[in-house]
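S.K.: One file is attached below, my_file.cif, containing mmCIF, C-alpha atoms.
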data_target
#
loop_
_atom_site.label_atom_id
_atom_site.label_comp_id
_atom_site.auth_asym_id
_atom_site.auth_seq_id
_atom_site.Cartn_x
_atom_site.Cartn_y
_atom_site.Cartn_z
CA MET A 27 124.00 83.05 96.03
CA LYS A 28 120.43 83.61 97.29
CA LEU A 29 119.83 87.29 96.56
CA GLY A 30 116.56 89.23 96.71
CA LEU A 31 114.63 92.33 97.71
CA HIS A 32 111.93 93.48 100.07
CA LEU A 33 109.02 93.91 97.65
CA SER A 34 105.54 95.42 97.73
CA ILE A 35 102.31 93.40 97.92
CA ALA A 36 100.30 96.29 96.42
CA GLY A 37 97.30 94.94 94.52
CA THR A 38 96.87 91.31 95.52
CA ILE A 39 99.40 89.43 97.61
CA ASP A 40 100.43 87.12 94.75
CA THR A 41 101.77 90.07 92.73
CA VAL A 42 104.83 90.16 95.02
CA VAL A 43 105.96 86.93 93.34
CA ASP A 44 105.56 88.53 89.90
CA ARG A 45 107.70 91.47 91.03
CA ALA A 46 110.38 89.13 92.37
CA VAL A 47 110.48 87.10 89.14
CA GLU A 48 110.65 90.29 87.04
CA ARG A 49 113.69 91.45 89.05
CA ARG A 50 115.39 88.03 88.89
CA CYS A 51 115.30 87.49 92.66
CA ASP A 52 116.32 84.15 94.17
CA THR A 53 114.69 84.95 97.52
CA LEU A 54 112.33 87.68 98.72
CA GLN A 55 110.98 89.53 101.74
CA MET A 56 107.50 91.03 101.99
CA PHE A 57 104.81 92.26 104.32
CA SER A 58 101.74 90.04 104.48
CA ARG A 59 99.49 93.01 105.32
CA ASN A 60 99.43 96.81 105.54
CA PRO A 61 102.58 97.55 107.61
CA ARG A 62 101.17 100.81 108.98
CA ALA A 63 97.89 99.50 110.43
CA TRP A 64 97.00 97.26 113.36
CA ARG A 65 94.08 95.58 111.63
CA SER A 66 94.65 93.18 108.77
CA LYS A 67 92.37 91.98 106.02
CA LYS A 68 91.85 88.22 106.11
CA LEU A 69 93.30 86.47 103.09
CA SER A 70 90.78 84.57 100.99
CA SER A 71 91.39 80.93 100.11
CA ALA A 72 91.65 81.98 96.44
CA GLU A 73 94.36 84.57 97.22
CA VAL A 74 96.33 82.03 99.22
CA GLU A 75 96.03 79.38 96.51
CA ILE A 76 97.23 81.75 93.75
CA PHE A 77 100.14 82.97 95.89
CA ARG A 78 101.26 79.44 96.74
CA GLU A 79 101.01 78.29 93.12
CA LYS A 80 102.98 81.28 91.77
CA LEU A 81 105.61 80.79 94.45
CA LYS A 82 105.95 77.11 93.59
CA GLN A 83 106.29 77.86 89.88
CA SER A 84 108.86 80.63 90.51
CA GLY A 85 111.27 78.46 92.50
CA ILE A 86 111.95 81.46 94.77
CA ARG A 87 113.04 80.28 98.22
CA PRO A 88 113.14 81.07 101.04
CA VAL A 89 110.49 83.75 101.58
CA PHE A 90 110.57 86.04 104.61
CA VAL A 91 107.55 87.93 105.97
CA HIS A 92 108.42 91.10 107.88
CA THR A 93 106.19 92.23 110.74
CA PRO A 94 104.43 95.63 110.56
CA TYR A 95 106.17 98.86 111.56
CA LEU A 96 103.73 99.61 114.39
CA MET A 97 104.76 96.63 116.48
CA ASN A 98 106.81 97.15 119.64
CA LEU A 99 107.35 93.95 121.62
CA ALA A 100 109.30 95.89 124.27
CA SER A 101 106.69 98.62 124.78
CA PRO A 102 105.73 99.57 128.35
CA LYS A 103 102.41 100.89 126.98
CA GLU A 104 99.89 98.14 127.63
CA ASP A 105 97.69 98.81 124.59
CA VAL A 106 100.65 98.86 122.17
CA TYR A 107 102.18 95.78 123.78
CA ARG A 108 98.90 93.82 123.65
CA LYS A 109 98.31 94.72 120.00
CA SER A 110 101.93 93.86 119.13
CA VAL A 111 101.59 90.39 120.63
CA GLU A 112 98.29 89.86 118.79
CA VAL A 113 99.87 90.91 115.47
CA LEU A 114 102.84 88.60 116.00
CA GLU A 115 100.49 85.69 116.64
CA GLU A 116 98.59 86.53 113.45
CA GLU A 117 101.81 86.70 111.42
CA LEU A 118 103.00 83.31 112.73
CA ARG A 119 99.70 81.81 111.61
CA ARG A 120 99.66 83.66 108.30
CA VAL A 121 103.09 82.46 107.11
CA ALA A 122 101.94 78.87 107.58
CA GLU A 123 98.80 79.68 105.59
CA LEU A 124 100.95 81.12 102.78
CA GLY A 125 103.24 78.09 102.77
CA VAL A 126 106.37 79.93 103.98
CA ARG A 127 108.28 79.59 107.26
CA TYR A 128 110.00 82.78 108.33
CA VAL A 129 108.75 85.85 110.20
CA VAL A 130 111.26 88.68 110.68
CA THR A 131 110.69 91.19 113.47
CA HIS A 132 112.34 94.22 115.02
CA LEU A 133 112.73 94.04 118.79
CA GLY A 134 111.29 97.47 119.53
CA SER A 135 112.04 100.17 122.09
CA HIS A 136 111.75 100.24 125.88
CA LEU A 137 110.83 103.97 125.59
CA GLY A 138 113.03 104.95 128.51
CA TYR A 139 111.83 102.27 130.95
CA GLY A 140 115.16 100.45 130.69
CA LYS A 141 116.53 97.37 128.94
CA LYS A 142 115.63 95.09 131.84
CA GLU A 143 111.93 95.80 131.39
CA GLY A 144 112.29 95.63 127.59
CA PHE A 145 113.93 92.19 127.79
CA LYS A 146 111.18 90.93 130.06
CA ARG A 147 108.45 92.03 127.66
CA ILE A 148 110.11 90.70 124.50
CA ILE A 149 110.81 87.28 126.03
CA ALA A 150 107.29 86.99 127.45
CA SER A 151 105.71 88.02 124.13
CA VAL A 152 107.65 85.46 122.08
CA ASN A 153 107.07 82.63 124.55
CA ASN A 154 103.37 83.48 124.73
CA CYS A 155 103.03 83.54 120.93
CA PHE A 156 104.84 80.22 120.54
CA SER A 157 102.53 78.61 123.11
CA GLU A 158 99.47 79.95 121.29
CA VAL A 159 100.66 79.13 117.75
CA ASN A 160 102.01 75.62 117.45
CA ASN A 161 103.31 75.35 113.90
CA LYS A 162 106.66 75.25 112.05
CA ALA A 163 107.03 79.02 111.65
CA ILE A 164 110.44 80.37 112.65
CA LEU A 165 110.68 83.82 114.21
CA ILE A 166 113.79 85.78 113.21
CA LEU A 167 115.00 88.60 115.46
CA GLU A 168 116.70 91.50 113.66
CA ASN A 169 119.60 93.44 115.19
CA THR A 170 119.17 97.20 115.56
CA ALA A 171 121.39 100.24 114.96
CA GLY A 172 121.50 101.28 118.61
CA THR A 173 119.24 104.31 118.38
CA ARG A 174 118.06 105.69 121.71
CA ASN A 175 116.06 103.16 123.80
CA SER A 176 116.14 100.49 121.06
CA MET A 177 116.56 96.84 121.95
CA GLY A 178 118.94 94.34 120.34
CA SER A 179 121.83 96.39 118.99
CA SER A 180 124.50 94.15 120.54
CA PHE A 181 125.06 90.44 120.00
CA GLU A 182 125.01 90.00 123.79
CA ASP A 183 121.52 91.51 124.02
CA ILE A 184 120.20 89.24 121.27
CA ARG A 185 121.75 86.23 123.00
CA TYR A 186 120.09 87.25 126.27
CA ILE A 187 116.70 87.04 124.52
CA THR A 188 117.22 83.90 122.43
CA SER A 189 118.61 81.93 125.37
CA ARG A 190 115.38 82.54 127.30
CA ILE A 191 112.97 81.40 124.59
CA ASP A 192 111.32 78.14 125.62
CA ASP A 193 111.34 76.64 122.12
CA GLY A 194 114.81 77.48 120.82
CA GLU A 195 114.23 75.57 117.57
CA ARG A 196 111.70 78.19 116.49
CA ILE A 197 113.95 81.23 116.87
CA GLY A 198 116.65 82.62 114.57
CA VAL A 199 118.57 85.84 113.93
CA CYS A 200 118.82 88.33 111.06
CA LEU A 201 121.97 90.43 110.70
CA ASP A 202 121.34 93.82 109.10
CA THR A 203 124.70 95.12 107.86
CA ALA A 204 123.72 98.80 108.10
CA HIS A 205 122.42 98.34 111.65
CA ALA A 206 125.47 96.34 112.73
CA PHE A 207 127.85 98.96 111.30
CA ALA A 208 125.96 101.84 112.95
CA ALA A 209 126.00 99.90 116.24
CA GLY A 210 129.80 99.66 116.12
CA TYR A 211 130.60 96.40 114.31
CA ASP A 212 133.17 97.20 111.61
CA LEU A 213 132.41 95.56 108.25
CA VAL A 214 134.87 97.23 105.89
CA SER A 215 138.12 95.27 105.91
CA ARG A 216 138.41 91.52 105.48
CA GLY A 217 139.83 91.23 109.00
CA ALA A 218 136.98 93.31 110.46
CA VAL A 219 134.35 91.07 108.84
CA ALA A 220 136.14 87.97 110.15
CA LEU A 221 136.29 89.46 113.66
CA MET A 222 132.59 90.36 113.60
CA LEU A 223 131.70 86.81 112.50
CA ARG A 224 133.85 85.33 115.25
CA ARG A 225 132.16 87.55 117.84
CA PHE A 226 128.74 86.58 116.48
CA ASP A 227 129.60 82.88 116.59
CA GLU A 228 130.99 83.04 120.12
CA THR A 229 127.98 84.99 121.40
CA ILE A 230 124.94 83.80 119.43
CA GLY A 231 126.21 80.98 117.21
CA LEU A 232 126.41 81.20 113.42
CA LYS A 233 124.05 78.23 113.14
CA ASN A 234 121.30 80.59 114.38
CA LEU A 235 121.94 83.18 111.65
CA LYS A 236 119.17 82.64 109.07
CA LEU A 237 119.16 85.87 107.05
CA VAL A 238 121.28 88.89 106.11
CA HIS A 239 119.76 92.29 105.34
CA LEU A 240 122.35 93.63 102.93
CA ASN A 241 122.28 97.42 103.26
CA ASP A 242 124.90 100.15 103.18
CA SER A 243 124.90 102.69 106.02
CA LYS A 244 124.45 106.47 105.73
CA GLY A 245 125.98 106.87 109.18
CA GLY A 246 129.55 106.09 110.15
CA LEU A 247 130.85 103.26 112.30
CA GLY A 248 129.19 103.42 115.72
CA SER A 249 127.04 106.43 114.72
CA ARG A 250 123.81 104.73 115.91
CA LEU A 251 122.12 106.29 112.87
CA ASP A 252 119.49 103.97 111.38
CA ARG A 253 119.62 105.12 107.75
CA HIS A 254 120.05 102.69 104.87
CA GLU A 255 122.02 103.63 101.75
CA HIS A 256 122.49 102.14 98.28
CA ILE A 257 125.14 99.42 98.10
CA GLY A 258 128.58 101.04 97.89
CA MET A 259 127.30 104.60 98.35
CA GLY A 260 127.49 104.59 102.14
CA LYS A 261 130.14 104.21 104.81
CA ILE A 262 130.56 100.44 104.36
CA GLY A 263 131.34 101.00 100.67
CA GLU A 264 132.10 98.60 97.85
CA ARG A 265 135.23 97.33 99.60
CA GLY A 266 133.15 96.33 102.61
CA PHE A 267 130.55 94.52 100.53
CA ARG A 268 133.21 92.61 98.59
CA ASN A 269 134.55 91.33 101.90
CA ILE A 270 131.07 90.62 103.29
CA LEU A 271 130.12 88.63 100.18
CA LYS A 272 133.39 86.65 100.24
CA SER A 273 132.72 85.63 103.85
CA SER A 274 130.25 83.00 105.06
CA LEU A 275 127.59 85.74 105.08
CA GLY A 276 127.51 85.51 101.27
CA GLN A 277 126.22 81.95 101.53
CA LEU A 278 123.10 82.99 103.46
CA PRO A 279 119.88 84.45 101.99
CA LEU A 280 120.59 88.12 101.25
CA ILE A 281 117.76 90.66 101.20
CA LEU A 282 118.33 94.27 100.07
CA GLU A 283 116.31 97.05 101.73
CA THR A 284 118.03 99.89 99.88
CA PRO A 285 116.39 103.31 99.29
CA ILE A 286 113.89 103.88 96.53
CA ASP A 287 115.01 107.04 94.73
CA GLU A 288 116.33 108.34 91.40
CA ARG A 289 120.01 107.63 92.14
CA ARG A 290 119.81 103.88 91.56
CA SER A 291 117.07 101.28 91.06
CA ASP A 292 116.67 98.10 93.09
CA VAL A 293 117.60 96.07 89.99
CA GLU A 294 120.84 98.06 89.68
CA ASN A 295 121.62 97.34 93.34
CA LEU A 296 121.09 93.62 92.71
CA ARG A 297 123.36 93.78 89.66
CA LEU A 298 126.11 95.52 91.64
CA VAL A 299 125.95 92.95 94.44
CA ARG A 300 126.35 90.15 91.91
CA GLU A 301 129.33 91.96 90.35
CA LEU A 302 130.97 92.48 93.76
CA ALA A 303 130.42 88.83 94.63
CA GLU A 304 132.23 87.76 91.46
#
Would you mind writing the file's structure down as structure tokens?
M.R.:
Amino acid sequence: MKLGLHLSIAGTIDTVVDRAVERRCDTLQMFSRNPRAWRSKKLSSAEVEIFREKLKQSGIRPVFVHTPYLMNLASPKEDVYRKSVEVLEEELRRVAELGVRYVVTHLGSHLGYGKKEGFKRIIASVNNCFSEVNNKAILILENTAGTRNSMGSSFEDIRYITSRIDDGERIGVCLDTAHAFAAGYDLVSRGAVALMLRRFDETIGLKNLKLVHLNDSKGGLGSRLDRHEHIGMGKIGERGFRNILKSSLGQLPLILETPIDERRSDVENLRLVRELAE
């Protein structure tokens, strides 16, 4: 089982590998820059070299770089849209520089202008970035919880986007369990997990599923509430995660994005997932 966490790059970027090793991660997710700013600091050749060497020595694979929070590839606001496309281009270049392959992104919000306009902007932004950045980086689109005006909460919507990307070999999908549950995909019983996987396969294709964000949900089934919870403490519960981990989802890279609070540490969440998988 490839199990890991989203970890901080505070300090220098190579320290994220140290944090992953300390927590006994098999895989990891990270930001490559400040996630709350448009501008990024260029990585020095020394920083890149140290990161790549530590990663090689750790044996941690694969590594996923998540795009910054400010990005909105569906935005009708021209300045936000332009900056979002620029940041995505930078991230596609930066992962290659760091010696990793995967960039994970949210699909954003149409802000009331309608899904049709949101689709158009997302598809254009990805195709434009792929034409500008010709490398082996793979962009992974993450499903959403279905909050108001958000894009990509249904498998059909994700398929609509991926089927219109010019270079289909460079696109993949991330399934966030908390988002899927909040959007109305039941993940508690064994039969429900099997049904969800069948629907995913028929709509998007399981071969395109590259990553699972393993999170419990604070909100109930179909609540459209985007709030992550510790594994087993939310509405999916331990029963749900046992069934998720026994399914083909358990064979994919699993990244936890659980809360950081006094109730349970990230290491304890990892330990519980391993226990449930056994």
S.K.: I'd like the residues picked by the PyMOL selection byres ((chain A and resi 156-162) around 7) written out as a list in words, using the chain letters and numbers from the file.
M.R.: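 Selected by the PyMOL selection byres ((chain A and resi 156-162) around 7) in this file: Glu115, Leu118, Arg119, Arg127, Val152, Asn153, Asn154, Cys155, Ala163 and Ile164 of chain A.
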S.K.: When distances are computed from only C-alpha atoms, which of A:Asp52, A:Asp183, A:Glu255, A:Asp44 shows the smallest separation from Lys28 (chain A)?
M.R.: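 Checking each of A:Asp52, A:Asp183, A:Glu255, A:Asp44 against Lys28 (chain A), counting only C-alpha atoms, the winner is A:Asp52.
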S.K.: What is the distance, in Å and to one decimal place, between CA of Leu247 (chain A) and CA of Ala206 (chain A)?
M.R.: 8.8 Å
S.K.: Choose the residue, out of A:Tyr128, A:Tyr95, A:Phe207, A:Phe226, that has the smallest atom-to-atom separation from Gly246 (chain A); count only C-alpha atoms.
M.R.: A:Phe207
S.K.: Please determine, counting only C-alpha atoms, which residue among A:His205, A:Arg59, A:His92, A:Arg196 has the shortest atom-to-atom distance to His32 (chain A).
M.R.: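 Using only C-alpha atoms, His32 (chain A) sits closest to A:His92.
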S.K.: Written as number ranges by chain, what is the full residue list that the PyMOL selection byres ((chain A and resi 117) around 12) yields on the file shown?
M.R.: A: 56-61, 64-66, 68-69, 90-94, 97, 110-116, 118-124, 126-131, 155-156, 159, 161, 163-165
S.K.: Please enumerate the residues selected by the PyMOL selection byres ((chain A and resi 102-106) around 10) when evaluated against the supplied file, formatted as a PyMOL selection string.
M.R.: chain A and resi 64+96-101+107-112+135-140+143-144+147
S.K.: Could the residues in this selection be written to a file with C-alpha atoms, as a short mmCIF file (atom, residue, chain, number, x, y, z; two decimals), in the frame of the given file?
M.R.:
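Output file result19.cif follows:
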data_model
loop_
_atom_site.label_atom_id
_atom_site.label_comp_id
_atom_site.auth_asym_id
_atom_site.auth_seq_id
_atom_site.Cartn_x
_atom_site.Cartn_y
_atom_site.Cartn_z
CA TRP A 64 97.00 97.26 113.36
CA LEU A 96 103.73 99.61 114.39
CA MET A 97 104.76 96.63 116.48
CA ASN A 98 106.81 97.15 119.64
CA LEU A 99 107.35 93.95 121.62
CA ALA A 100 109.30 95.89 124.27
CA SER A 101 106.69 98.62 124.78
CA TYR A 107 102.18 95.78 123.78
CA ARG A 108 98.90 93.82 123.65
CA LYS A 109 98.31 94.72 120.00
CA SER A 110 101.93 93.86 119.13
CA VAL A 111 101.59 90.39 120.63
CA GLU A 112 98.29 89.86 118.79
CA SER A 135 112.04 100.17 122.09
CA HIS A 136 111.75 100.24 125.88
CA LEU A 137 110.83 103.97 125.59
CA GLY A 138 113.03 104.95 128.51
CA TYR A 139 111.83 102.27 130.95
CA GLY A 140 115.16 100.45 130.69
CA GLU A 143 111.93 95.80 131.39
CA GLY A 144 112.29 95.63 127.59
CA ARG A 147 108.45 92.03 127.66
#
